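Below is my_file_1.txt, which holds compact mmCIF, C-alpha atoms and all ligand atoms.
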```txt
# COMPACT_ATOMS: atom_id res chain seq x y z
CA MET A 1 -5.16 2.25 28.70
CA ASN A 2 -8.07 0.69 26.79
CA THR A 3 -8.39 -3.08 26.34
CA ALA A 4 -7.21 -2.99 22.72
CA THR A 5 -3.97 -1.17 23.55
CA ASP A 6 -3.53 -3.36 26.57
CA ASP A 7 -3.92 -6.61 24.62
CA LYS A 8 -1.59 -5.34 21.92
CA THR A 9 1.16 -4.33 24.36
CA ILE A 10 0.90 -7.65 26.18
CA VAL A 11 1.04 -9.58 22.88
CA LYS A 12 3.98 -7.55 21.57
CA ASP A 13 5.97 -7.98 24.80
CA TYR A 14 5.13 -11.69 24.90
CA PHE A 15 6.33 -12.33 21.32
CA ASN A 16 9.55 -10.44 22.03
CA ALA A 17 10.28 -12.55 25.13
CA THR A 18 8.99 -15.97 26.35
CA GLY A 19 6.52 -16.21 23.47
CA PHE A 20 9.34 -15.83 20.99
CA ASP A 21 11.28 -18.76 22.44
CA ARG A 22 8.16 -20.92 22.69
CA TRP A 23 6.81 -20.23 19.19
CA ARG A 24 10.17 -20.27 17.43
CA ARG A 25 10.53 -23.82 18.72
CA ILE A 26 6.97 -24.83 17.84
CA TYR A 27 7.40 -23.37 14.34
CA GLY A 28 10.73 -25.16 13.91
CA ASP A 29 11.91 -28.73 13.59
CA GLY A 30 13.82 -29.32 16.85
CA GLU A 31 12.74 -31.28 19.98
CA VAL A 32 9.47 -30.14 21.55
CA ASN A 33 7.03 -31.64 24.06
CA LYS A 34 3.93 -33.58 22.98
CA VAL A 35 1.50 -30.69 23.16
CA GLN A 36 3.86 -28.42 21.22
CA LYS A 37 4.39 -31.17 18.64
CA ASP A 38 0.62 -31.44 18.19
CA ILE A 39 0.36 -27.66 17.72
CA ARG A 40 3.28 -27.76 15.25
CA VAL A 41 1.55 -30.43 13.16
CA GLY A 42 -1.79 -28.56 13.24
CA HIS A 43 -0.25 -25.23 12.31
CA GLN A 44 1.64 -26.84 9.42
CA GLN A 45 -1.69 -28.20 8.13
CA THR A 46 -3.11 -24.67 8.15
CA ILE A 47 -0.06 -23.40 6.23
CA ASP A 48 -0.29 -26.30 3.75
CA THR A 49 -3.99 -25.60 3.15
CA VAL A 50 -3.39 -21.94 2.32
CA VAL A 51 -0.31 -22.64 0.17
CA GLY A 52 -2.36 -25.37 -1.57
CA TRP A 53 -5.23 -22.96 -2.34
CA LEU A 54 -2.87 -20.35 -3.80
CA LYS A 55 -0.88 -22.88 -5.82
CA ALA A 56 -4.07 -24.44 -7.19
CA ASP A 57 -5.03 -21.10 -8.75
CA GLY A 58 -1.84 -21.30 -10.84
CA ASN A 59 -1.04 -17.57 -10.82
CA LEU A 60 1.17 -17.16 -7.74
CA HIS A 61 3.96 -15.53 -9.75
CA SER A 62 1.78 -12.63 -10.76
CA LEU A 63 0.24 -11.81 -7.35
CA SER A 64 1.27 -9.27 -4.74
CA LEU A 65 0.78 -10.76 -1.29
CA CYS A 66 0.76 -9.36 2.22
CA ASP A 67 1.37 -11.70 5.16
CA ALA A 68 0.17 -9.72 8.20
CA GLY A 69 1.52 -11.07 11.49
CA CYS A 70 4.02 -13.27 9.66
CA GLY A 71 5.69 -14.77 12.75
CA VAL A 72 8.87 -16.61 11.76
CA GLY A 73 7.83 -16.72 8.10
CA SER A 74 6.11 -20.14 8.11
CA LEU A 75 3.76 -19.02 5.30
CA SER A 76 5.85 -16.37 3.54
CA LEU A 77 8.85 -18.63 2.97
CA PRO A 78 7.06 -21.43 1.08
CA LEU A 79 5.14 -18.83 -0.93
CA ALA A 80 8.36 -16.99 -1.84
CA GLN A 81 9.82 -20.35 -2.80
CA GLU A 82 6.93 -20.70 -5.26
CA GLY A 83 7.86 -17.37 -6.83
CA ALA A 84 5.29 -15.09 -5.17
CA LYS A 85 6.20 -11.52 -4.22
CA ILE A 86 5.43 -10.98 -0.54
CA PHE A 87 5.42 -8.21 2.01
CA ALA A 88 5.65 -9.87 5.44
CA SER A 89 5.33 -7.97 8.69
CA ASP A 90 4.92 -8.63 12.38
CA ILE A 91 4.55 -6.58 15.54
CA SER A 92 7.44 -8.51 17.14
CA GLU A 93 10.95 -7.51 16.16
CA LYS A 94 12.30 -10.86 17.38
CA MET A 95 9.90 -12.84 15.18
CA VAL A 96 10.82 -10.73 12.15
CA THR A 97 14.56 -11.14 12.79
CA GLU A 98 14.06 -14.91 12.97
CA ALA A 99 11.97 -14.85 9.78
CA LYS A 100 14.71 -12.94 7.95
CA GLU A 101 17.36 -15.41 9.12
CA ARG A 102 15.23 -18.35 7.98
CA ALA A 103 14.69 -16.67 4.60
CA GLN A 104 18.44 -16.20 4.13
CA LYS A 105 19.10 -19.80 5.14
CA ASP A 106 16.22 -21.61 3.41
CA LEU A 107 15.48 -19.66 0.23
CA LYS A 108 17.60 -19.84 -2.89
CA ASP A 109 16.55 -16.29 -3.67
CA ALA A 110 15.23 -14.22 -0.76
CA SER A 111 14.66 -11.10 -2.86
CA ASN A 112 10.93 -11.88 -3.36
CA VAL A 113 10.13 -11.33 0.30
CA THR A 114 10.37 -8.02 2.15
CA PHE A 115 10.12 -7.98 5.96
CA ALA A 116 9.02 -5.20 8.29
CA VAL A 117 8.46 -4.78 12.01
CA GLN A 118 5.01 -3.23 11.98
CA ASP A 119 1.66 -3.84 13.63
CA LEU A 120 -0.98 -4.79 11.11
CA GLU A 121 -3.20 -1.84 12.06
CA SER A 122 -0.59 0.54 10.61
CA LEU A 123 0.01 -1.30 7.32
CA THR A 124 -0.58 0.69 4.14
CA GLY A 125 -0.54 -0.12 0.42
CA GLN A 126 -2.59 -2.36 -1.85
CA TYR A 127 -2.09 -6.09 -2.35
CA ASN A 128 -3.92 -8.57 -4.51
CA THR A 129 -4.19 -10.88 -1.51
CA VAL A 130 -3.85 -10.19 2.20
CA ILE A 131 -3.37 -13.14 4.54
CA CYS A 132 -3.50 -13.14 8.33
CA LEU A 133 -3.07 -16.53 10.00
CA ASP A 134 -3.50 -17.33 13.69
CA VAL A 135 -3.23 -13.71 14.82
CA LEU A 136 -6.86 -12.91 15.68
CA ILE A 137 -6.69 -15.40 18.58
CA HIS A 138 -4.81 -12.70 20.51
CA TYR A 139 -7.66 -10.16 20.37
CA PRO A 140 -11.32 -9.95 21.44
CA THR A 141 -13.85 -10.00 18.60
CA GLU A 142 -14.51 -6.21 18.64
CA ASP A 143 -10.77 -5.52 18.14
CA ALA A 144 -10.47 -8.35 15.63
CA ALA A 145 -13.30 -6.66 13.66
CA LYS A 146 -11.32 -3.41 13.45
CA MET A 147 -8.24 -5.33 12.34
CA ILE A 148 -10.18 -7.20 9.65
CA ASN A 149 -11.72 -3.91 8.42
CA HIS A 150 -8.23 -2.47 8.06
CA LEU A 151 -6.81 -5.56 6.33
CA ALA A 152 -9.83 -5.51 3.99
CA SER A 153 -8.92 -1.96 2.94
CA LEU A 154 -5.49 -3.23 1.79
CA ALA A 155 -6.84 -6.21 -0.16
CA GLU A 156 -7.76 -5.63 -3.82
CA LYS A 157 -9.17 -9.09 -4.47
CA ARG A 158 -8.87 -11.45 -1.53
CA LEU A 159 -8.50 -11.72 2.24
CA ILE A 160 -7.56 -15.02 3.89
CA LEU A 161 -7.97 -15.32 7.66
CA SER A 162 -7.61 -18.06 10.22
CA PHE A 163 -8.92 -17.98 13.79
CA ALA A 164 -9.89 -20.24 16.69
CA PRO A 165 -13.62 -20.85 16.26
CA LYS A 166 -15.94 -20.37 19.20
CA THR A 167 -17.88 -23.59 19.56
CA LEU A 168 -19.39 -25.11 22.69
CA CYS A 169 -16.92 -27.97 22.69
CA LEU A 170 -13.86 -25.71 22.37
CA THR A 171 -15.18 -23.30 25.00
CA LEU A 172 -15.42 -26.22 27.44
CA LEU A 173 -11.90 -27.39 26.57
CA LYS A 174 -10.60 -23.87 27.12
CA LYS A 175 -12.33 -23.65 30.50
CA ILE A 176 -10.79 -26.94 31.58
CA GLY A 177 -7.38 -25.60 30.41
CA GLU A 178 -7.86 -22.47 32.49
CA PHE A 179 -8.29 -24.56 35.66
CA PHE A 180 -4.83 -26.02 35.07
CA PRO A 181 -2.60 -23.16 33.99
CA GLY A 182 0.69 -24.93 33.41
CA PRO A 183 4.17 -23.41 33.41
CA SER A 184 3.86 -22.59 29.70
CA LYS A 185 0.87 -20.27 30.35
CA THR A 186 0.62 -17.95 27.38
CA THR A 187 -1.31 -14.77 26.57
CA ARG A 188 -5.12 -14.86 26.64
CA ALA A 189 -6.62 -16.80 23.77
CA TYR A 190 -9.81 -15.39 22.25
CA GLN A 191 -12.14 -17.51 20.16
CA HIS A 192 -14.44 -15.96 17.57
CA LYS A 193 -17.84 -17.04 16.26
CA GLU A 194 -17.54 -18.01 12.61
CA LYS A 195 -20.75 -16.15 11.78
CA ASP A 196 -19.29 -12.92 13.24
CA ILE A 197 -16.12 -13.19 11.15
CA ILE A 198 -18.12 -13.99 7.99
CA GLU A 199 -20.36 -10.99 8.66
CA ILE A 200 -17.32 -8.68 9.01
CA LEU A 201 -15.89 -10.01 5.73
CA GLU A 202 -19.26 -9.60 3.95
CA ASN A 203 -19.66 -6.06 5.29
CA ASN A 204 -16.33 -5.30 3.61
CA GLY A 205 -17.57 -6.62 0.26
CA PHE A 206 -16.06 -10.11 0.41
CA THR A 207 -17.84 -13.36 -0.45
CA ILE A 208 -16.63 -16.59 1.16
CA GLN A 209 -15.09 -18.77 -1.53
CA ARG A 210 -13.16 -21.51 0.27
CA LYS A 211 -13.25 -22.73 3.87
CA ASP A 212 -11.24 -25.25 5.80
CA MET A 213 -10.76 -26.35 9.37
CA THR A 214 -7.65 -27.72 11.01
CA SER A 215 -8.25 -29.70 14.20
CA THR A 216 -5.69 -31.69 16.06
CA ARG A 217 -5.87 -32.40 19.82
CA PHE A 218 -4.66 -28.99 20.95
CA TYR A 219 -4.84 -26.83 17.83
CA TYR A 220 -8.01 -25.58 16.15
CA SER A 221 -8.06 -23.13 13.30
CA ARG A 222 -10.85 -22.16 10.96
CA ILE A 223 -9.58 -20.84 7.62
CA LEU A 224 -11.74 -18.57 5.46
CA GLU A 225 -11.03 -17.12 2.05
CA GLY A 226 -13.04 -14.00 1.25
CA VAL A 227 -13.04 -12.82 -2.35
CA LYS A 228 -14.15 -9.51 -3.87
CA GLU A 229 -16.43 -9.84 -6.88
N1 LIG A 301 0.97 -15.92 11.14
C1 LIG A 301 2.10 -16.64 11.66
C2 LIG A 301 1.96 -18.11 11.38
O1 LIG A 301 0.82 -18.59 11.22
O2 LIG A 301 2.99 -18.79 11.33
C3 LIG A 301 2.34 -16.39 13.15
C4 LIG A 301 1.22 -16.80 14.09
S1 LIG A 301 1.62 -16.45 15.80
C5 LIG A 301 0.51 -17.44 16.72
C6 LIG A 301 0.93 -14.84 16.01
C7 LIG A 301 1.82 -13.73 15.47
O3 LIG A 301 1.04 -12.53 15.38
C8 LIG A 301 3.03 -13.39 16.34
O4 LIG A 301 4.19 -13.43 15.58
C9 LIG A 301 2.73 -11.99 16.85
O5 LIG A 301 3.87 -11.21 17.09
C10 LIG A 301 1.87 -11.45 15.72
N2 LIG A 301 0.98 -10.33 16.09
C11 LIG A 301 0.15 -10.24 17.15
N3 LIG A 301 -0.54 -9.09 17.13
C12 LIG A 301 -0.14 -8.43 16.01
C13 LIG A 301 -0.50 -7.18 15.45
N4 LIG A 301 -1.40 -6.37 16.04
N5 LIG A 301 0.09 -6.79 14.30
C14 LIG A 301 1.02 -7.61 13.71
N6 LIG A 301 1.41 -8.80 14.21
C15 LIG A 301 0.82 -9.22 15.35
```

As structure tokens, the full file:
Amino acid sequence: MNTATDDKTIVKDYFNATGFDRWRRIYGDGEVNKVQKDIRVGHQQTIDTVVGWLKADGNLHSLSLCDAGCGVGSLSLPLAQEGAKIFASDISEKMVTEAKERAQKDLKDASNVTFAVQDLESLTGQYNTVICLDVLIHYPTEDAAKMINHLASLAEKRLILSFAPKTLCLTLLKKIGEFFPGPSKTTRAYQHKEKDIIEILENNGFTIQRKDMTSTRFYYSRILEGVKE
């Protein structure tokens, strides 16, 4: 088994088992511990930034969107609420089932959003905008590059990505974390150099239009919007 397949199987199994329970809670509104609360707040900031960008453009109704690695629907649901048409998919069946249940419960009209259990490497079709948030952290940069290349081929106008940036400070924090693997040990987390991700986007014909960074104590996510001229 090569590393890419290996990472993917581990990630899929994780998000169908302990990872599902952990992340469903983090991406929810029930009781969580302090670290999870911090991650919840940080992740919500990332979601709010992306929803804010799309709303600011004022044309959400007319766009076709693809949310690759949609998790429990944290991004797709607010976008559907705003009237966007979204195809949302995730490698984990459990995450998708939860996303569907949340859509039925929280949306007045859930017909705008279509869900599928599918890994992002096998997605097909064309979308005005493809978005992939907090997924690349599960893969080394060479695999992330292949994923971004594929997502770029589905995006007519825009690709929005978020990832954990590789900076000296965060690398040190991660190393300290690895000395104390707690009971909630998760899958491996891979950080990526911003310049590498920008280069991959540029090689696919995208220009960086907007950037943001979410940093809380335990959650770091660089958000990049690449646009095709
Ligand atoms: N994007 C969502 C969000 O920001 O709320 C979920 C982020 S969660 C940290 C990562 C998600 O990526 C999980 O739901 C996991 O199942 C999914 N995932 C991981 N590898 C994937 C792949 N190769 N294709 C599709 N989904 C994947």

What is the atom CA of Leu133 of chain A-atom CA of Cys70 of chain A distance in Å, reported with one decimal?
7.8 Å

Please identify the residues whose atoms come within 6 Å of ligand LIG 301 (chain A), using only C-alpha atoms and all ligand atoms, and report them as number ranges by chain.
A: 8, 11-12, 15, 68-71, 74, 90-92, 95, 119-120, 132-135

For a test of reading the model, state the distance in Å between atom CA of Glu101 of chain A and atom CA of Asn16 of chain A, rounded to one decimal.
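Computed distance, atom CA of Glu101 of chain A to atom CA of Asn16 of chain A, equals 15.9 Å.
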
Between atom CA of Val130 of chain A and atom CA of Ala155 of chain A, measure the distance and give it in Å to one decimal.
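Value for the atom CA of Val130 of chain A-atom CA of Ala155 of chain A distance: 5.5 Å.
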
Leaving out Lys166 of chain A and any residue of its chain fewer than 6 positions from it, which residues lie within 6 Å of it when counting all atoms listed in the file, given as a PDB file with C-alpha atoms, in the coordinates of the input?
```pdb
ATOM      1  CA  GLN A 191     -12.140 -17.510  20.160  1.00  0.00           C
ATOM      2  CA  HIS A 192     -14.440 -15.960  17.570  1.00  0.00           C
ATOM      3  CA  LYS A 193     -17.840 -17.040  16.260  1.00  0.00           C
TER       4      LYS A 193
END
```

Residue nearest Pro165 of chain A - candidates A:Leu60, A:Ile198, A:Val51, A:Ala103, atoms counted: all atoms listed in the file:
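Under the stated criterion, the closest residue is A:Ile198.
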
So that I can see what lies close to Glu142 of chain A, please list as a PDB file with C-alpha atoms, in the frame of the given file the residues with an atom at most 10 Å from it, counting only C-alpha atoms and leaving out residues fewer than 2 positions away in the same chain.
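And here is the file that came out, out14.pdb:
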```pdb
ATOM      1  CA  ALA A   4      -7.210  -2.990  22.720  1.00  0.00           C
ATOM      2  CA  TYR A 139      -7.660 -10.160  20.370  1.00  0.00           C
ATOM      3  CA  PRO A 140     -11.320  -9.950  21.440  1.00  0.00           C
ATOM      4  CA  ALA A 144     -10.470  -8.350  15.630  1.00  0.00           C
ATOM      5  CA  ALA A 145     -13.300  -6.660  13.660  1.00  0.00           C
ATOM      6  CA  LYS A 146     -11.320  -3.410  13.450  1.00  0.00           C
ATOM      7  CA  MET A 147      -8.240  -5.330  12.340  1.00  0.00           C
ATOM      8  CA  HIS A 192     -14.440 -15.960  17.570  1.00  0.00           C
ATOM      9  CA  ASP A 196     -19.290 -12.920  13.240  1.00  0.00           C
TER      10      ASP A 196
END
```

Within 12 Å of Gly52 of chain A, counting only C-alpha atoms, which residues show up once you throw out same-chain ones fewer than 3 positions away? Write them as a list in words, please.
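Within the cut-off, the hits are Gln44, Gln45, Thr46, Ile47, Asp48, Thr49, Lys55, Ala56, Asp57, Gly58, Leu60, Leu75, Pro78, Leu79, Glu82, Arg210 and Asp212 of chain A.
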
Extract, using all atoms listed in the file, all DNA, RNA and protein residues at most 6 Å from segment 156-162 of chain A, discarding same-chain residues fewer than 4 positions from it, and format them as a VMD selection string.
chain A and resid 127 to 134 221 to 228

Can you tell me, as JSON, the centre and edge lengths (Å, one decimal) of the axis-aligned box enclosing all of segment 196-201 of chain A's listed atoms after padding each side by 4 Å?
```
{"center_x": -18.1, "center_y": -11.3, "center_z": 9.5, "size_x": 12.5, "size_y": 13.3, "size_z": 15.5}
```

Considering only C-alpha atoms, state which residue in the set A:His138, A:His61, A:Lys108, A:His150 is at the smallest distance from Lys85 of chain A.
A:His61

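Proximity of A:Thr216, A:Asn112, A:Thr167, A:Thr141 to Gly83 of chain A, computed with all atoms listed in the file, is greatest for A:Asn112.
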
Reconstruct segment 135-164 of chain A at the level of N, CA and C atoms, and format the result as a tab-separated table (two decimals), keeping the file's coordinate frame.
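Result file follows (part15.tsv):
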```tsv
chain	number	residue	atom	x	y	z
A	135	VAL	N	-3.54	-14.95	14.10
A	135	VAL	CA	-3.23	-13.71	14.82
A	135	VAL	C	-4.45	-13.25	15.62
A	136	LEU	N	-5.64	-13.44	15.05
A	136	LEU	CA	-6.86	-12.91	15.68
A	136	LEU	C	-7.15	-13.57	17.03
A	137	ILE	N	-6.53	-14.71	17.29
A	137	ILE	CA	-6.69	-15.40	18.58
A	137	ILE	C	-6.20	-14.53	19.74
A	138	HIS	N	-5.37	-13.54	19.45
A	138	HIS	CA	-4.81	-12.70	20.51
A	138	HIS	C	-5.69	-11.51	20.87
A	139	TYR	N	-6.84	-11.36	20.17
A	139	TYR	CA	-7.66	-10.16	20.37
A	139	TYR	C	-9.14	-10.52	20.51
A	140	PRO	N	-9.88	-9.74	21.35
A	140	PRO	CA	-11.32	-9.95	21.44
A	140	PRO	C	-12.00	-9.61	20.12
A	141	THR	N	-13.21	-10.13	19.91
A	141	THR	CA	-13.85	-10.00	18.60
A	141	THR	C	-14.01	-8.53	18.16
A	142	GLU	N	-14.32	-7.61	19.10
A	142	GLU	CA	-14.51	-6.21	18.64
A	142	GLU	C	-13.20	-5.62	18.09
A	143	ASP	N	-12.06	-6.01	18.68
A	143	ASP	CA	-10.77	-5.52	18.14
A	143	ASP	C	-10.42	-6.26	16.85
A	144	ALA	N	-10.73	-7.56	16.84
A	144	ALA	CA	-10.47	-8.35	15.63
A	144	ALA	C	-11.26	-7.74	14.45
A	145	ALA	N	-12.48	-7.26	14.73
A	145	ALA	CA	-13.30	-6.66	13.66
A	145	ALA	C	-12.59	-5.44	13.08
A	146	LYS	N	-12.03	-4.61	13.94
A	146	LYS	CA	-11.32	-3.41	13.45
A	146	LYS	C	-10.10	-3.82	12.63
A	147	MET	N	-9.42	-4.86	13.08
A	147	MET	CA	-8.24	-5.33	12.34
A	147	MET	C	-8.65	-5.85	10.97
A	148	ILE	N	-9.73	-6.63	10.93
A	148	ILE	CA	-10.18	-7.20	9.65
A	148	ILE	C	-10.60	-6.06	8.71
A	149	ASN	N	-11.31	-5.06	9.26
A	149	ASN	CA	-11.72	-3.91	8.42
A	149	ASN	C	-10.49	-3.27	7.80
A	150	HIS	N	-9.43	-3.11	8.60
A	150	HIS	CA	-8.23	-2.47	8.06
A	150	HIS	C	-7.57	-3.36	7.00
A	151	LEU	N	-7.44	-4.65	7.30
A	151	LEU	CA	-6.81	-5.56	6.33
A	151	LEU	C	-7.62	-5.59	5.03
A	152	ALA	N	-8.96	-5.50	5.18
A	152	ALA	CA	-9.83	-5.51	3.99
A	152	ALA	C	-9.53	-4.29	3.11
A	153	SER	N	-9.18	-3.17	3.73
A	153	SER	CA	-8.92	-1.96	2.94
A	153	SER	C	-7.61	-2.08	2.15
A	154	LEU	N	-6.76	-3.04	2.51
A	154	LEU	CA	-5.49	-3.23	1.79
A	154	LEU	C	-5.61	-4.28	0.69
A	155	ALA	N	-6.71	-5.05	0.73
A	155	ALA	CA	-6.84	-6.21	-0.16
A	155	ALA	C	-7.66	-5.86	-1.41
A	156	GLU	N	-7.02	-5.93	-2.58
A	156	GLU	CA	-7.76	-5.63	-3.82
A	156	GLU	C	-8.75	-6.73	-4.16
A	157	LYS	N	-8.33	-7.99	-4.00
A	157	LYS	CA	-9.17	-9.09	-4.47
A	157	LYS	C	-9.54	-10.11	-3.40
A	158	ARG	N	-8.63	-10.30	-2.41
A	158	ARG	CA	-8.87	-11.45	-1.53
A	158	ARG	C	-8.26	-11.25	-0.15
A	159	LEU	N	-8.99	-11.77	0.86
A	159	LEU	CA	-8.50	-11.72	2.24
A	159	LEU	C	-8.64	-13.13	2.82
A	160	ILE	N	-7.53	-13.68	3.29
A	160	ILE	CA	-7.56	-15.02	3.89
A	160	ILE	C	-7.24	-14.90	5.38
A	161	LEU	N	-8.13	-15.44	6.21
A	161	LEU	CA	-7.97	-15.32	7.66
A	161	LEU	C	-8.06	-16.69	8.31
A	162	SER	N	-7.33	-16.87	9.42
A	162	SER	CA	-7.61	-18.06	10.22
A	162	SER	C	-7.78	-17.62	11.67
A	163	PHE	N	-8.61	-18.35	12.40
A	163	PHE	CA	-8.92	-17.98	13.79
A	163	PHE	C	-9.42	-19.22	14.54
A	164	ALA	N	-9.37	-19.13	15.87
A	164	ALA	CA	-9.89	-20.24	16.69
A	164	ALA	C	-11.40	-20.07	16.79
```
